[in-house]
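The data block below is entry_28.cif; it holds mmCIF, C-alpha atoms.
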data_target
#
loop_
_atom_site.group_PDB
_atom_site.id
_atom_site.type_symbol
_atom_site.label_atom_id
_atom_site.label_comp_id
_atom_site.auth_asym_id
_atom_site.auth_seq_id
_atom_site.Cartn_x
_atom_site.Cartn_y
_atom_site.Cartn_z
ATOM 1 C CA MET A 1 152.282 160.221 163.057
ATOM 2 C CA ILE A 2 152.001 163.898 163.910
ATOM 3 C CA PHE A 3 150.160 165.132 160.808
ATOM 4 C CA LYS A 4 147.634 163.509 158.497
ATOM 5 C CA ALA A 5 150.083 164.029 155.629
ATOM 6 C CA VAL A 6 153.090 166.105 154.606
ATOM 7 C CA GLY A 7 152.608 168.106 151.453
ATOM 8 C CA ASP A 8 154.768 170.580 149.569
ATOM 9 C CA ALA A 9 152.209 172.807 147.852
ATOM 10 C CA ARG A 10 148.880 174.562 148.296
ATOM 11 C CA PRO A 11 146.333 172.446 146.385
ATOM 12 C CA TYR A 12 143.543 174.974 146.888
ATOM 13 C CA PRO A 13 142.735 178.192 144.994
ATOM 14 C CA ASP A 14 144.365 181.457 146.015
ATOM 15 C CA HIS A 15 142.287 183.119 148.718
ATOM 16 C CA GLY A 16 144.074 186.492 148.705
ATOM 17 C CA ARG A 17 144.896 186.569 152.420
ATOM 18 C CA VAL A 18 148.573 187.258 152.948
ATOM 19 C CA THR A 19 149.025 189.413 156.057
ATOM 20 C CA PRO A 20 147.922 188.756 159.643
ATOM 21 C CA ALA A 21 145.554 191.741 159.332
ATOM 22 C CA GLN A 22 143.777 190.050 156.420
ATOM 23 C CA TRP A 23 143.375 186.876 158.510
ATOM 24 C CA ALA A 24 142.124 188.771 161.589
ATOM 25 C CA ASP A 25 138.426 188.346 160.743
ATOM 26 C CA VAL A 26 138.757 184.531 160.724
ATOM 27 C CA PRO A 27 137.994 183.375 164.285
ATOM 28 C CA PRO A 28 140.495 180.997 165.890
ATOM 29 C CA ARG A 29 139.531 177.530 167.053
ATOM 30 C CA GLN A 30 141.247 174.352 168.097
ATOM 31 C CA VAL A 31 142.251 171.811 165.457
ATOM 32 C CA ARG A 32 143.794 168.381 165.859
ATOM 33 C CA LEU A 33 147.326 168.010 164.541
ATOM 34 C CA ASP A 34 146.508 164.601 163.075
ATOM 35 C CA GLU A 35 143.833 166.207 160.859
ATOM 36 C CA LEU A 36 146.282 168.634 159.214
ATOM 37 C CA VAL A 37 148.112 168.304 155.904
ATOM 38 C CA THR A 38 151.176 170.538 155.727
ATOM 39 C CA THR A 39 151.831 172.743 152.710
ATOM 40 C CA LYS A 40 155.565 172.926 153.446
ATOM 41 C CA ARG A 41 157.923 169.979 153.470
ATOM 42 C CA THR A 42 160.756 171.732 155.331
ATOM 43 C CA LEU A 43 160.978 173.569 158.628
ATOM 44 C CA ASP A 44 163.333 176.408 159.478
ATOM 45 C CA LEU A 45 165.047 175.275 162.672
ATOM 46 C CA ASP A 46 165.731 178.897 163.670
ATOM 47 C CA ALA A 47 161.973 179.595 163.611
ATOM 48 C CA LEU A 48 161.274 176.497 165.674
ATOM 49 C CA LEU A 49 163.813 177.350 168.368
ATOM 50 C CA ALA A 50 163.377 181.133 168.499
ATOM 51 C CA GLU A 51 161.762 182.384 171.679
ATOM 52 C CA ASP A 52 160.050 185.260 169.862
ATOM 53 C CA SER A 53 158.969 183.379 166.724
ATOM 54 C CA THR A 54 155.321 184.314 167.273
ATOM 55 C CA PHE A 55 156.027 187.902 168.363
ATOM 56 C CA TYR A 56 155.910 189.509 164.906
ATOM 57 C CA GLY A 57 153.180 187.457 163.259
ATOM 58 C CA ASP A 58 149.707 186.237 164.039
ATOM 59 C CA LEU A 59 149.256 184.496 167.378
ATOM 60 C CA PHE A 60 147.443 181.675 165.598
ATOM 61 C CA ALA A 61 148.396 179.289 162.826
ATOM 62 C CA HIS A 62 146.587 179.639 159.489
ATOM 63 C CA VAL A 63 144.647 176.660 158.165
ATOM 64 C CA VAL A 64 142.663 176.418 154.941
ATOM 65 C CA GLN A 65 139.869 173.858 154.783
ATOM 66 C CA TYR A 66 139.257 172.847 151.168
ATOM 67 C CA LYS A 67 137.158 169.908 149.975
ATOM 68 C CA GLY A 68 137.022 168.543 153.510
ATOM 69 C CA VAL A 69 140.807 168.558 154.004
ATOM 70 C CA MET A 70 142.534 170.921 156.430
ATOM 71 C CA TYR A 71 145.801 172.363 155.100
ATOM 72 C CA LEU A 72 148.296 174.036 157.439
ATOM 73 C CA GLU A 73 149.276 177.087 155.401
ATOM 74 C CA ASP A 74 151.243 179.020 158.017
ATOM 75 C CA GLY A 75 152.430 178.005 161.471
ATOM 76 C CA LEU A 76 154.357 174.797 160.880
ATOM 77 C CA HIS A 77 156.783 175.750 163.653
ATOM 78 C CA ARG A 78 153.852 176.215 166.081
ATOM 79 C CA ALA A 79 152.438 172.825 165.130
ATOM 80 C CA VAL A 80 155.776 171.057 165.593
ATOM 81 C CA ARG A 81 156.264 172.789 168.948
ATOM 82 C CA ALA A 82 152.831 171.579 170.039
ATOM 83 C CA ALA A 83 153.727 168.039 168.980
ATOM 84 C CA LEU A 84 157.053 168.186 170.844
ATOM 85 C CA GLN A 85 155.138 169.261 173.952
ATOM 86 C CA GLN A 86 152.863 166.235 173.431
ATOM 87 C CA ARG A 87 149.820 168.374 172.672
ATOM 88 C CA ALA A 88 147.371 167.011 170.123
ATOM 89 C CA LEU A 89 145.618 170.353 169.544
ATOM 90 C CA LEU A 90 146.649 173.626 167.946
ATOM 91 C CA HIS A 91 144.860 176.981 167.997
ATOM 92 C CA ALA A 92 144.405 178.140 164.417
ATOM 93 C CA ARG A 93 142.374 180.434 162.227
ATOM 94 C CA VAL A 94 140.509 178.136 159.845
ATOM 95 C CA LEU A 95 139.422 179.621 156.518
ATOM 96 C CA VAL A 96 136.829 177.438 154.797
ATOM 97 C CA LEU A 97 136.935 177.527 151.002
ATOM 98 C CA SER A 98 134.230 175.934 148.881
#

Give the structure from the file, written as structure tokens.
Amino acid sequence: MIFKAVGDARPYPDHGRVTPAQWADVPPRQVRLDELVTTKRTLDLDALLAEDSTFYGDLFAHVVQYKGVMYLEDGLHRAVRAALQQRALLHARVLVLS
């Protein structure tokens, strides 16, 4: 299995970070794909296959850690690409909520 679980919602409180600029102060680190729970059940194939899919957004995926669980909020296409390339790790900004 690629991810710990596949979800379809954000089970954590709103943190108010929407734009890449608002996420910029969260330092990136490596996370294991098998520790992530997705917050989206579907993937846009165009985003997965586009060569410039990371050009306009943040270079790193966005993960929210809440109650010990790591939720992949943004960057599902990056995570699936990493899995297809047989990489177990993803660089992500991890926001820890208490």

Go through A:Val96, A:Met70, A:Val18, A:Ile2 one by one, measure the shortest atom-to-atom distance of each to Ala82 (chain A) using only C-alpha atoms, and give the residue with the smallest value. A:Ile2

Using only C-alpha atoms, which of A:Gly75, A:Pro20, A:Pro11, A:Gly68 sits nearest Glu35 (chain A)? A:Gly68

Would you list the contacts of Val64 (chain A) as a VMD selection string, taking every protein, DNA or RNA residue within 9 Å and counting only C-alpha atoms, but skipping same-chain residues closer than 2 positions in sequence? chain A and resid 12 62 66 69 to 73 93 to 97

When the PyMOL selection byres ((chain A and resi 44) around 12) is applied to the structure above, which residues does it catch, written out as a PyMOL selection string? chain A and resi 40-43+45-50+53+75-78+80

Rounded to one decimal place, report the CA of Ala83 (chain A)-CA of Asp8 (chain A) distance in Å. 19.6 Å

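Between CA of Phe3 (chain A) and CA of Thr19 (chain A) there is a distance of 24.8 Å.
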
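Comparing the minimum interatomic distances between Met1 (chain A) and each of A:Val63, A:Val31, A:Val37, A:Ala24, counting only C-alpha atoms, we find that A:Val37 sits nearest.
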
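The interatomic distance for the pair CA of His15 (chain A) and CA of Arg87 (chain A) works out to 29.1 Å.
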
Take region 13-27 of chain A from the preceding structure and save N, CA and C atoms as a short mmCIF file (atom, residue, chain, number, x, y, z; two decimals), in the first residue's frame.
data_model
loop_
_atom_site.label_atom_id
_atom_site.label_comp_id
_atom_site.auth_asym_id
_atom_site.auth_seq_id
_atom_site.Cartn_x
_atom_site.Cartn_y
_atom_site.Cartn_z
N PRO A 13 -9.00 20.86 12.51
CA PRO A 13 -9.55 22.23 12.46
C PRO A 13 -8.87 23.08 11.38
N ASP A 14 -9.59 24.07 10.91
CA ASP A 14 -9.05 24.98 9.90
C ASP A 14 -7.84 25.71 10.47
N HIS A 15 -6.76 25.73 9.73
CA HIS A 15 -5.53 26.37 10.20
C HIS A 15 -5.29 27.71 9.54
N GLY A 16 -6.09 28.09 8.54
CA GLY A 16 -6.01 29.40 7.94
C GLY A 16 -4.92 29.58 6.90
N ARG A 17 -4.16 28.54 6.60
CA ARG A 17 -3.11 28.65 5.59
C ARG A 17 -3.67 28.16 4.26
N VAL A 18 -3.68 29.06 3.28
CA VAL A 18 -4.27 28.72 1.99
C VAL A 18 -3.25 28.84 0.86
N THR A 19 -2.45 29.89 0.88
CA THR A 19 -1.51 30.16 -0.21
C THR A 19 -0.12 29.62 0.12
N PRO A 20 0.69 29.40 -0.91
CA PRO A 20 2.09 28.98 -0.66
C PRO A 20 2.85 29.98 0.22
N ALA A 21 2.55 31.27 0.09
CA ALA A 21 3.23 32.27 0.92
C ALA A 21 2.91 32.07 2.40
N GLN A 22 1.69 31.65 2.71
CA GLN A 22 1.31 31.43 4.10
C GLN A 22 1.95 30.15 4.66
N TRP A 23 2.32 29.23 3.79
CA TRP A 23 2.99 28.00 4.21
C TRP A 23 4.51 28.16 4.26
N ALA A 24 5.03 29.26 3.74
CA ALA A 24 6.48 29.42 3.57
C ALA A 24 7.27 29.36 4.87
N ASP A 25 6.66 29.70 6.00
CA ASP A 25 7.40 29.68 7.26
C ASP A 25 7.44 28.28 7.90
N VAL A 26 6.78 27.31 7.29
CA VAL A 26 6.82 25.93 7.78
C VAL A 26 7.98 25.23 7.07
N PRO A 27 9.01 24.82 7.80
CA PRO A 27 10.18 24.23 7.14
C PRO A 27 9.87 22.86 6.55
#
